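All remarks here apply to the structure that follows.
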Amino acid sequence: MTDIPTRYDPRKIEEEIYASWSGENLFHADEKSPGKTYAIVIPPPNVTGILHMGHALNNTIQDVLIRWRRMQGFETLWMPGTDHAGIATQNVVERELGREGLHREDLGRDKFLEKVWKWKEDYGSTIIRQLKRLGCSCDWERARFTMDEGLSNAVKEVFARLYEDGLIYRGDYIINWCPRCGTALSDEEAEHHEVEGMLYYIKYPVKGRDRLDKENEDYIVVATTRPETMLGDVAVAVNPKDPRYSGLKGKTLILPIIKRELRIIFDGDVDPEFGTGALKVTPAHDPVDFELGARYGLPRVNVMYPDGRINPLGGDYEGMDRFECRETIIEDLKDRKLFVRAEKHVHAVGHCYRCHTVVEPRLSRQWFVKMKPLAEDAIRAVKEEKIRFYPDRWRKVYLDWMENIRDWCVSRQIWWGHRIPVWYCRDCLKYENVRDVEISGPGKPGIYVGKEPPGKCPACGGTDLEQDPDVLDTWFSSWLWPFSTMGWPEDTQELKTFYPTDALVTAQEIIFFWVARMIMAGLRFRGEIPFRDVYIHGTVRDSTGTKMSKSLGNVIDPLDIISEVGSDALRFSIISITSQGQDVFLSKEKFELGRNFANKLWNASRYVLMSLEGTDLSGGIDQARLSLEDRWILSCLNETAEKVTKSLEAYRFNDAASALYDFIWHKYCDWYLEISKLSGDKDTTGKVLVKVLKAALRLLHPFMPFITEEIWQKMPEKTSKWIMTAEWPAPGREELDKFADAASVRQMETLIGVISAARNVRSFWNVEHSAKVDLLLNAGGREDKKLIKENTRHIEQLARCEVKAVGEDVSRPGQSVSALVGNIKLFIPLGGTVDIEKERSRIDKKIADLQRYLGGIEKKLSNKSFLEKAPEDVVRKEEEKKRKFEEQIRNLRENLAAFE
RNA sequence: GGGCGAGUAACUCAGCUGGUUUAGAGUGCUACCCUUACAAGGUAGAAGUCACAGGUUCGAAUCCUGUCUCGCCCACCA
């Protein structure tokens, strides 16, 4: 046993253990197994991704849940996989091409997709490998990818069903457009950040009166943050109640530079308070203006190319980038004396969530899903608590979003993704470009929607068919994940066994993107909720509170941490510092908590194994031979098992972790191990040491899977070959209950109190470490006396003293100090070694503290209402407290007096 | 403009279904100790008017109202 190193080195051990679990096929979930099941699905990480701290937290939590349930005897499924991340992946591959001076158009669609697949084969499993390194016990045989055949089939099925149900349409709306990625984005994919921009005030002359030297009558001043969009202006809107503009009825304005005539419209939605109260209307470049345009039948003038440059409708500005155009227009307006002023203006600007380019609200023909009909059931499921959020506050966030849901723009102008399963017949439609086709619902001739190419047009029999060039939003496959991964639309055994799943663990950022949509999809297509519990963990931030992200360079790489302190330490640390739903602020030092704990456990186990030599562990534990500390530690174990189990049930992971930390470190190691060294009954002590350690290891296993397995393998008398599949120690099981003993807890607390008090005296009065002191104990109660007599050796050894006398008639010797523990009074003669003058101020301060507390209690007890209204036991406790304080004060005074 | 979260020891955070807590933990700090599991350790200790102001209550870190500071989310103020 001495060959076990004193320092725990996780590096080699962790990978070896993972390989052996894998070799034993312990991760596999059997869908045919009868009995209770527990299933979760991984929030699929992006194939281009590498493991970051958010993943580490997210997957540790899931692994804790699944390992715990597995040990509880559930048939557990943890379905892993990755998502194809259309835009992000395409960007990565395009960047590679760019290094060779190529564009995707140079390759063509098919060749480009080949490249992406190749890239995916080469690099797409990085994150899977990293999750394994973290210890995740996913059923890897079932790993899915959103572009797999099965999942793609589900995507097409869903698209076709939605189309048939009239929930899909294609039309012109303002969408969020990323000029860099060249594609539409959903509302959720445009991240709004507060930006300090400018609000520009510009004069729009009144037609026929374009002499600009007069006030008011000759022009209107409009305010805008995006002057370049004025190229697409078709009107100016004012509030009909705004007196400043009442004289403008029937007039026309002239758009500067372009010289287009602009209508003046009067609409109550215009806020007279903002800017000048006059709003320039650009229906093709702003959602509000689009609405106004639709209301008043205004033309839509789109002045930009997809890449954000100005198109020929922008006149002289054609070819300019939108921001360059902004500057230029301002300069030109200044030249023409049409520029009034610019003021700083903070507003929220949308940014592409993949490349952070400023998003352009832009008129575009896209595919949309009608969401309101889907949301109804999803709202009900949460209101009826079929699905619960942890913490509960997210329920409200979810419902707010769901109740105000807007249609979902699902088409993307990229190549990597699920191609929209729509074919157009040129003969029927007579469109030159299929992008021009508008579709408001099913039944339009020349449109075919289905899983496979139709071969010929079902309407006219023509063969000149073209598939829609766009692909679907990646989330259009992710929202099907809980059931598409289990073989839907087939009614597979997997679905029957594991759907609905039990818990979803994810971050708040993804509630709308993913959680909400999965609920809608599950209810719509499978007819059942996808999961019962949604646990929303916090966001991982750095120590300054900013979100960790690669671009900010503030990341702590989990793999660095793993290679420094091990996966167990990472897991335990991160679980310990994340209380339910609070954000996690990380710094490297925080991982020392887990590292030190692993080391402590390692060494304690090492000691236990060493101490076992020569002991006989055969046979069960004979209860009659249990000592006080044996009964105590077994009771504490029982209590800990209960606490850990309850905490996990309530998704209170840090509570579970801290219960284990406290039990293993401060009870088992600090007290039980130390006392066990003094045991006279080595066989019984050995049995208890092992029994408690084995149970503690199992309780800890979900949090620190590797080290617990490693130690387990060295343990004698195992009931299970692997700790990973060992039974969860819960009260009521494994005979923990019969050792629970409240009296032992009370007595042990007293004993610990006596030992600590004696140590405290030694330390307080600066007694030399090696010096032995005498100890006299005044104890009246029978139980106390018995306790001390039976444990004299423990007191003497652990407090480095010699017990000289015990009894109710023991009185204070001269030149001694004393301490109180319950009803026991300790006397320690210190002879002339004490410099009382030096200590007087410390004691005085202590007395003052105690008196402050005492004052509070006395005040309470003299309050008539308190005595009348407070429960009896509370009053009694207050009285006890009072007595205790009084006695402590008296005692300290006596200590002083003893040396006067 | 709405909504949410946070403000507790030097630092990072628990506790917040009101009284078993003289408000806890980890780190840091102080003193002593390499005591044959562990110095990534042991023993002991110092350290907090629980952001502020009111209110409810016999009793508030905990419940209510308001204020301030910070952070996040949502929203068509151009």
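Note on naming: chains are A, B, ... as they come in the structure tokens, residues start from 1 per chain, ligands start from 1 in the order shown.
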
May I have a table of the residues of chain A lying at most 6 Å from chain B, giving each one's closest pair of atoms and their distance in Å to one decimal, counting only C-alpha atoms (C1' of nucleotides), ordered by chain and ascending residue number, as CSV?
residue,atom,partner,partner_atom,distance
A:Thr224,CA,B:A78,C1',5.7
A:Leu279,CA,B:A78,C1',5.9
A:Val288,CA,B:C76,C1',4.9
A:Asn596,CA,B:A40,C1',4.8
A:Lys600,CA,B:C38,C1',5.8
A:Asn603,CA,B:A37,C1',4.7
A:Ala604,CA,B:A37,C1',5.0
A:Arg606,CA,B:A37,C1',5.9
A:Tyr607,CA,B:A37,C1',4.2
A:Asn760,CA,B:A44,C1',5.9
A:Ser763,CA,B:A44,C1',5.6
A:Ser865,CA,B:C58,C1',4.5
A:Phe866,CA,B:C58,C1',3.6
A:Lys869,CA,B:C58,C1',5.9

* To do: Give the strand (DSSP E or B) residues of region 729-834 of chain A, as DSSP finds them on the backbone, and put them as a list in words.
  =>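 Those in region 729-834 of chain A that DSSP calls strand (DSSP E or B) are Val773, Asp774, Leu775, Leu776, Leu777, Asn778, Ala779, Cys801, Glu802, Val803, Lys804, Ala805, Val806, Gly807, Ser816, Val817, Ser818, Ala819, Leu820, Val821, Ile824, Lys825, Leu826, Phe827, Ile828 and Pro829 of chain A.
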
* How many Å separate CA of Gly250 (chain A) from CA of Asp269 (chain A)? -> 19.7 Å

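Closest to U57 (chain B) among B:G18, B:U36, B:G2, B:G7 is B:G18, based on only C-alpha atoms (C1' of nucleotides).
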
* Structure fact -> Here CA of Glu768 (chain A) and CA of Ile836 (chain A) stand apart by 16.6 Å

Tell me which protein, DNA and RNA residues are within 6 Å of Phe266 (chain A), counting only C-alpha atoms (C1' of nucleotides), leaving out same-chain ones fewer than 4 positions away, and put them as a tab-separated table (two decimals) with C-alpha atoms, in the first residue's frame.
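File produced: out_12.tsv:
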chain	number	residue	atom	x	y	z
A	237	ALA	CA	-44.37	60.72	-41.34
A	238	VAL	CA	-45.55	63.03	-38.58
A	239	ASN	CA	-48.09	62.76	-35.84
A	240	PRO	CA	-51.48	64.26	-36.86

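Going from CA of Val821 (chain A) over to CA of Arg893 (chain A), you cover 16.5 Å.
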
* Considering only C-alpha atoms (C1' of nucleotides), return as a list of chain:residue names whatever protein or nucleic-acid residues lie within 10 Å of Arg244 (chain A), sequence-local ones (same chain, fewer than 4 positions apart) excluded. =>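 Answer for this query is A:Asn216, A:Ile220, A:Val238, A:Asn239, A:Pro240, A:Leu248, A:Pro272, A:Thr276, A:Gly277, A:Ala278.
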
Selection export as a PDB file, in the first residue's frame, atoms kept: N, CA, C and O atoms:
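Saved to result.pdb:
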ATOM      1  N   ASN A 216     -38.904  76.976 -40.966  1.00  0.00           N
ATOM      2  CA  ASN A 216     -40.110  76.166 -40.886  1.00  0.00           C
ATOM      3  C   ASN A 216     -40.880  75.898 -42.163  1.00  0.00           C
ATOM      4  O   ASN A 216     -41.090  74.741 -42.528  1.00  0.00           O
ATOM      5  N   ILE A 220     -38.636  70.506 -43.621  1.00  0.00           N
ATOM      6  CA  ILE A 220     -38.863  69.768 -42.379  1.00  0.00           C
ATOM      7  C   ILE A 220     -37.512  69.184 -41.994  1.00  0.00           C
ATOM      8  O   ILE A 220     -36.749  68.763 -42.865  1.00  0.00           O
ATOM      9  N   VAL A 238     -45.453  62.211 -39.796  1.00  0.00           N
ATOM     10  CA  VAL A 238     -45.551  63.028 -38.581  1.00  0.00           C
ATOM     11  C   VAL A 238     -46.844  62.652 -37.862  1.00  0.00           C
ATOM     12  O   VAL A 238     -47.748  62.064 -38.446  1.00  0.00           O
ATOM     13  N   ASN A 239     -46.891  63.040 -36.612  1.00  0.00           N
ATOM     14  CA  ASN A 239     -48.092  62.760 -35.844  1.00  0.00           C
ATOM     15  C   ASN A 239     -49.174  63.779 -36.194  1.00  0.00           C
ATOM     16  O   ASN A 239     -48.898  64.972 -36.235  1.00  0.00           O
ATOM     17  N   PRO A 240     -50.408  63.310 -36.462  1.00  0.00           N
ATOM     18  CA  PRO A 240     -51.479  64.257 -36.865  1.00  0.00           C
ATOM     19  C   PRO A 240     -51.766  65.291 -35.787  1.00  0.00           C
ATOM     20  O   PRO A 240     -52.305  66.365 -36.076  1.00  0.00           O
ATOM     21  N   LEU A 248     -48.744  71.264 -43.133  1.00  0.00           N
ATOM     22  CA  LEU A 248     -48.127  70.540 -44.245  1.00  0.00           C
ATOM     23  C   LEU A 248     -49.107  69.685 -45.038  1.00  0.00           C
ATOM     24  O   LEU A 248     -48.722  69.016 -45.983  1.00  0.00           O
ATOM     25  N   PRO A 272     -44.105  62.301 -31.250  1.00  0.00           N
ATOM     26  CA  PRO A 272     -43.719  63.709 -31.436  1.00  0.00           C
ATOM     27  C   PRO A 272     -42.517  64.092 -30.571  1.00  0.00           C
ATOM     28  O   PRO A 272     -41.833  65.069 -30.852  1.00  0.00           O
ATOM     29  N   THR A 276     -37.281  65.403 -34.070  1.00  0.00           N
ATOM     30  CA  THR A 276     -38.078  66.577 -34.432  1.00  0.00           C
ATOM     31  C   THR A 276     -39.543  66.207 -34.559  1.00  0.00           C
ATOM     32  O   THR A 276     -40.364  67.034 -34.975  1.00  0.00           O
ATOM     33  N   GLY A 277     -39.855  64.948 -34.294  1.00  0.00           N
ATOM     34  CA  GLY A 277     -41.235  64.500 -34.459  1.00  0.00           C
ATOM     35  C   GLY A 277     -41.576  64.160 -35.896  1.00  0.00           C
ATOM     36  O   GLY A 277     -42.701  63.810 -36.202  1.00  0.00           O
ATOM     37  N   ALA A 278     -40.566  64.252 -36.755  1.00  0.00           N
ATOM     38  CA  ALA A 278     -40.777  63.885 -38.162  1.00  0.00           C
ATOM     39  C   ALA A 278     -39.906  62.680 -38.478  1.00  0.00           C
ATOM     40  O   ALA A 278     -38.707  62.676 -38.215  1.00  0.00           O
TER      41      ALA A 278
END

* Asked: Out of region 528-596 of chain A, which residues get alpha helix (DSSP H) from DSSP, as an NGL selection string?
  -> :A and (558-565 or 567-576 or 592-596)

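Taking only C-alpha atoms (C1' of nucleotides), the non-local environment of region 678-680 of chain A within 9 Å (same-chain residues fewer than 6 positions away omitted) comprises Ser627, Arg793, His794 and Gln797 of chain A.
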
Go ahead and save the picked residues with N, CA, C and O atoms, as a PDB file, in the first residue's frame.
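Done, and the output landed in part.pdb:
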ATOM      1  N   SER A 627     -18.088   1.781  18.676  1.00  0.00           N
ATOM      2  CA  SER A 627     -17.754   2.820  19.645  1.00  0.00           C
ATOM      3  C   SER A 627     -18.577   4.074  19.345  1.00  0.00           C
ATOM      4  O   SER A 627     -19.282   4.135  18.332  1.00  0.00           O
ATOM      5  N   ARG A 793      -8.982   8.653  26.930  1.00  0.00           N
ATOM      6  CA  ARG A 793      -7.805   8.493  26.091  1.00  0.00           C
ATOM      7  C   ARG A 793      -7.861   9.405  24.859  1.00  0.00           C
ATOM      8  O   ARG A 793      -6.873  10.018  24.467  1.00  0.00           O
ATOM      9  N   HIS A 794      -9.058   9.478  24.273  1.00  0.00           N
ATOM     10  CA  HIS A 794      -9.217  10.339  23.094  1.00  0.00           C
ATOM     11  C   HIS A 794      -8.943  11.796  23.447  1.00  0.00           C
ATOM     12  O   HIS A 794      -8.251  12.502  22.729  1.00  0.00           O
ATOM     13  N   GLN A 797      -5.159  12.290  24.068  1.00  0.00           N
ATOM     14  CA  GLN A 797      -4.338  12.233  22.867  1.00  0.00           C
ATOM     15  C   GLN A 797      -4.579  13.433  21.959  1.00  0.00           C
ATOM     16  O   GLN A 797      -3.642  14.032  21.455  1.00  0.00           O
TER      17      GLN A 797
END

* Which neighbours of Asp436 (chain A) fall inside 12 Å, counting only C-alpha atoms (C1' of nucleotides), when residues of the same chain fewer than 2 positions from it are skipped, and could you give them as an NGL selection string? -> :A and (170-172 or 364-367 or 424 or 426 or 429-434 or 438-439 or 468-469)

* So which residues touch region 87-92 of chain A within 7 Å, counting only C-alpha atoms (C1' of nucleotides), skipping near sequence neighbours fewer than 4 positions away, as number ranges by chain? -> A: 48, 96, 354, 416
